[in-house]
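Chemist: Once you've had a glance at the structure underneath, I'll fire off some questions.
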Amino acid sequence: MRFMDTTIDLRCAKRNMLIIILVIAASLLVNISANAQNAEQWKTLEGDVNLFIANDLGRNGYYEQKPVAELMGEMAGAIGPEAIVAAGDVHHFEGVASTQDPLWMTNYELIYAHPELMMTWLPVLGNHEYRGNTQAVLDYRNISRRWEMEGRYYTKVYDDNGVSIRLVLIDTTPLIDRYHHSATYPDVDSQDIDTQLKWIDKTLDEAKEDWVIVVGHHPMYADTKKDIIEQKDMQSRLLPIFQRHKSKVAMYVCGHIHNFQHIRRGNDGIDYVVNTSGSLARKVNPTDGTVFCSPAEGFSVVSASKNQLNLYMIDNKGNVIHKIERFKK
């Protein structure tokens, strides 16, 4: 009788194992189908020139940082961006002390390790970088081949299939008065604001590309619980330059606020974009000029053709939650 009970138990175990295997197989087929469908959908976002924009990243892989980083890699495999623009605060909370700081590994190298992310990264400095050694952030280009930061502010042109896009990457922390004369931000006072502003004006004046996008860390306009005077300083110093070149500047893209915002204000025709956090996002409400806002974590995809420039806001599930379109007249 005991022998028969053992036989029955073995049969039940085999049957249960078979059921488990079938369930796992079905799950894998569903996942493979879903991934294939997503990859096919993501492929439709591709233009002649493509870029990713990510910022407010450095959480040592915690919160949503690692999942969003993996998503960026998967989407990069489908879209093939030329570069990733890192719009500040790659390192929370006190910046880095040197090029050998372990935070380079825990905030960046080991997190953005997907093979499709082994490409050019174009960083700008955020306020959290200014809490540490900003020169080390610049010097990291001597350590990492993909960290192509040419200066505190610099410009980069991509041209493919006869379509050109110029990125004007700027250093916004010194443009905001409250960061000056503070032991928390030791490198701010040594920066020459007027020289940078003249460089921005001259770079925009000479730009001949199909599309021009200016990228900094701090917003010109945004709903925020941060000190509103930051935006006042940005507006007083940068808006006159932007308005002089409003026929050229398509978008100003920034981070800092940890949510998605798309704002159109005034008559300059520029789209003001707040790109969300790649790790830990915050709540957001509409403000004056808000076209769209969302508290989702994620990143943005920029695609350009000769007559159209698109920016897609991507949430942490890989969904396009908002699209900004610009057309040549």
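Every chain in the structure tokens has a letter given in the order shown (A, B, ...), and although residue numbers restart at 1 in each chain, ligands are simply numbered from 1 in the order shown.
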What's the 8 Å shell around His262 (chain A), counting only C-alpha atoms, without same-chain residues fewer than 2 positions away, as a list in words?
Modeler: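 Answer for this query is Phe260, Arg264, Asp271, Tyr272, Val273, Val274, Thr290, Val291, Phe292 and Cys293 of chain A.
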Chemist: Using only C-alpha atoms, determine which residues lie at most 6 Å from region 57-74 of chain A, disregarding the query and same-chain residues fewer than 4 positions distant; provide the list as an MDAnalysis selection string.
Modeler: chainID A and resid 90:92 106:107 111:112 114 116:117 278:279 316
Chemist: Let me see the file: selected residues, N, CA and C atoms, as a PDB file, in the first residue's frame.
Modeler:
```
ATOM      1  N   VAL A  90      23.869  63.856 -12.415  1.00  0.00           N
ATOM      2  CA  VAL A  90      24.188  62.430 -12.537  1.00  0.00           C
ATOM      3  C   VAL A  90      24.538  61.889 -11.153  1.00  0.00           C
ATOM      4  N   HIS A  91      25.052  62.763 -10.284  1.00  0.00           N
ATOM      5  CA  HIS A  91      25.470  62.358  -8.943  1.00  0.00           C
ATOM      6  C   HIS A  91      24.671  63.095  -7.870  1.00  0.00           C
ATOM      7  N   HIS A  92      23.849  62.358  -7.145  1.00  0.00           N
ATOM      8  CA  HIS A  92      23.301  62.868  -5.894  1.00  0.00           C
ATOM      9  C   HIS A  92      24.145  62.230  -4.777  1.00  0.00           C
ATOM     10  N   THR A 106      28.892  53.323  -8.786  1.00  0.00           N
ATOM     11  CA  THR A 106      27.557  52.999  -8.262  1.00  0.00           C
ATOM     12  C   THR A 106      26.447  53.874  -8.830  1.00  0.00           C
ATOM     13  N   ASN A 107      26.805  55.081  -9.295  1.00  0.00           N
ATOM     14  CA  ASN A 107      25.797  55.966  -9.893  1.00  0.00           C
ATOM     15  C   ASN A 107      25.728  55.861 -11.408  1.00  0.00           C
ATOM     16  N   ILE A 111      25.410  51.047 -13.482  1.00  0.00           N
ATOM     17  CA  ILE A 111      23.967  51.202 -13.673  1.00  0.00           C
ATOM     18  C   ILE A 111      23.637  51.280 -15.161  1.00  0.00           C
ATOM     19  N   TYR A 112      24.363  52.106 -15.893  1.00  0.00           N
ATOM     20  CA  TYR A 112      24.132  52.258 -17.335  1.00  0.00           C
ATOM     21  C   TYR A 112      25.098  51.334 -18.079  1.00  0.00           C
ATOM     22  N   HIS A 114      24.139  48.548 -19.867  1.00  0.00           N
ATOM     23  CA  HIS A 114      23.569  47.841 -21.016  1.00  0.00           C
ATOM     24  C   HIS A 114      24.469  48.050 -22.232  1.00  0.00           C
ATOM     25  N   GLU A 116      23.879  48.553 -25.252  1.00  0.00           N
ATOM     26  CA  GLU A 116      23.425  49.591 -26.174  1.00  0.00           C
ATOM     27  C   GLU A 116      23.637  50.999 -25.624  1.00  0.00           C
ATOM     28  N   LEU A 117      24.082  51.096 -24.359  1.00  0.00           N
ATOM     29  CA  LEU A 117      24.361  52.414 -23.779  1.00  0.00           C
ATOM     30  C   LEU A 117      25.845  52.737 -23.787  1.00  0.00           C
ATOM     31  N   GLY A 278      15.441  60.273 -13.894  1.00  0.00           N
ATOM     32  CA  GLY A 278      15.667  58.884 -14.258  1.00  0.00           C
ATOM     33  C   GLY A 278      15.744  57.983 -13.049  1.00  0.00           C
ATOM     34  N   SER A 279      15.399  58.491 -11.875  1.00  0.00           N
ATOM     35  CA  SER A 279      15.453  57.659 -10.675  1.00  0.00           C
ATOM     36  C   SER A 279      14.258  57.902  -9.753  1.00  0.00           C
ATOM     37  N   ASN A 316       8.418  55.114 -17.241  1.00  0.00           N
ATOM     38  CA  ASN A 316       9.264  53.998 -16.810  1.00  0.00           C
ATOM     39  C   ASN A 316       8.768  52.637 -17.279  1.00  0.00           C
TER      40      ASN A 316
END
```
Chemist: Can you tell me which residues surround region 158-168 of chain A at a distance of at most 12 Å, considering only C-alpha atoms, apart from same-chain residues fewer than 4 positions away, and format the answer as a PyMOL selection string?
Modeler: chain A and resi 47-51+53+81-85+87+120+122-124+150-154+196-197+199-216+242+248-254+302-310
Chemist: Between A:Glu94, A:Glu129, A:Glu46, A:Asp89, single out the one closest to Thr276 (chain A), counting only C-alpha atoms.
Modeler: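 Once distances to Thr276 (chain A) are computed over only C-alpha atoms, the minimum belongs to A:Asp89.
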Chemist: Pick out the residues sitting within 8 Å of Val137 (chain A), and hand them over as a PyMOL selection string; count only C-alpha atoms, and ignore anything fewer than 6 positions along from it in its own chain.
Modeler: chain A and resi 96+98-99+129
Chemist: With C-alpha atoms retained, export the selected residues as a PDB file, in the first residue's frame.
Modeler:
```
ATOM      1  CA  VAL A  96      32.007  63.544  -6.571  1.00  0.00           C
ATOM      2  CA  SER A  98      37.573  62.984  -7.685  1.00  0.00           C
ATOM      3  CA  THR A  99      37.667  60.946 -10.896  1.00  0.00           C
ATOM      4  CA  GLU A 129      27.720  68.294  -9.190  1.00  0.00           C
TER       5      GLU A 129
END
```
Chemist: Identify which of the residues A:Gln235, A:Gln243, A:Thr224, A:Thr134 lies closest to Asn285 (chain A), counting only C-alpha atoms when measuring atom-to-atom distances.
Modeler: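 Of A:Gln235, A:Gln243, A:Thr224, A:Thr134, the one nearest Asn285 (chain A) is A:Thr224, counting only C-alpha atoms.
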Chemist: For the atom pair CA of Ile270 (chain A) and CA of Ile324 (chain A), what is the interatomic distance in Å to one decimal place?
Modeler: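 Interatomic distance here is 11.3 Å.
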Chemist: Of the candidates A:Pro115, A:Gly298, A:Gly269, A:Pro219, which one gets nearest to Leu238 (chain A) if we count only C-alpha atoms?
Modeler: A:Pro219
Chemist: Using only C-alpha atoms, which residues sit within 6 Å of region 184-187 of chain A once same-chain residues fewer than 2 positions away are excluded, as a list in words?
Modeler: Tyr130, Arg131, Ser182, Asp189 and Ser190 of chain A
Chemist: Grab the residues selected above and save them as a CSV table (one decimal), in the first residue's frame with N, CA, C and O atoms.
Modeler:
```csv
chain,number,residue,atom,x,y,z
A,130,TYR,N,27.9,70.6,-8.4
A,130,TYR,CA,28.5,71.8,-7.9
A,130,TYR,C,28.7,71.6,-6.3
A,130,TYR,O,29.4,72.4,-5.7
A,131,ARG,N,28.1,70.7,-5.7
A,131,ARG,CA,28.3,70.4,-4.3
A,131,ARG,C,29.6,69.7,-4.1
A,131,ARG,O,30.1,69.7,-2.9
A,182,SER,N,28.5,80.5,-1.3
A,182,SER,CA,28.0,79.5,-0.4
A,182,SER,C,29.0,78.4,-0.3
A,182,SER,O,29.5,77.9,-1.3
A,189,ASP,N,31.6,80.4,-7.5
A,189,ASP,CA,32.0,81.8,-7.5
A,189,ASP,C,33.2,82.0,-8.5
A,189,ASP,O,33.4,83.1,-8.9
A,190,SER,N,33.9,80.9,-8.9
A,190,SER,CA,35.0,81.1,-9.8
A,190,SER,C,34.6,81.1,-11.3
A,190,SER,O,35.4,81.3,-12.1
```
Chemist: Find the distance between CA of Lys246 (chain A) and CA of Asn267 (chain A) and write it in Å to one decimal.
Modeler: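 Answer for the CA of Lys246 (chain A) to CA of Asn267 (chain A) separation: 9.3 Å.
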Chemist: Could you go through region 145-213 of chain A and tell me which residues DSSP, when run on the backbone, assigns to strand (DSSP E), listing them as a ChimeraX atom specification?
Modeler: /A:154-160,163-169,211-213
Chemist: Those same residues - C-alpha atoms - I'd like them written as a CSV table (one decimal), in the first residue's frame.
Modeler:
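Output contents, as saved in out-v7.csv:
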```
chain,number,residue,atom,x,y,z
A,154,TYR,CA,30.0,73.4,-25.2
A,155,THR,CA,28.2,72.7,-28.4
A,156,LYS,CA,27.9,69.5,-30.5
A,157,VAL,CA,26.5,69.0,-34.0
A,158,TYR,CA,25.1,65.8,-35.4
A,159,ASP,CA,24.5,65.4,-39.1
A,160,ASP,CA,23.0,62.3,-40.8
A,163,VAL,CA,19.7,66.4,-41.4
A,164,SER,CA,21.6,68.5,-38.9
A,165,ILE,CA,20.9,69.2,-35.2
A,166,ARG,CA,23.0,71.4,-32.9
A,167,LEU,CA,23.0,70.9,-29.2
A,168,VAL,CA,24.0,74.0,-27.1
A,169,LEU,CA,24.9,72.6,-23.7
A,211,TRP,CA,17.4,72.3,-35.6
A,212,VAL,CA,18.9,73.9,-32.5
A,213,ILE,CA,18.2,72.6,-28.9
```
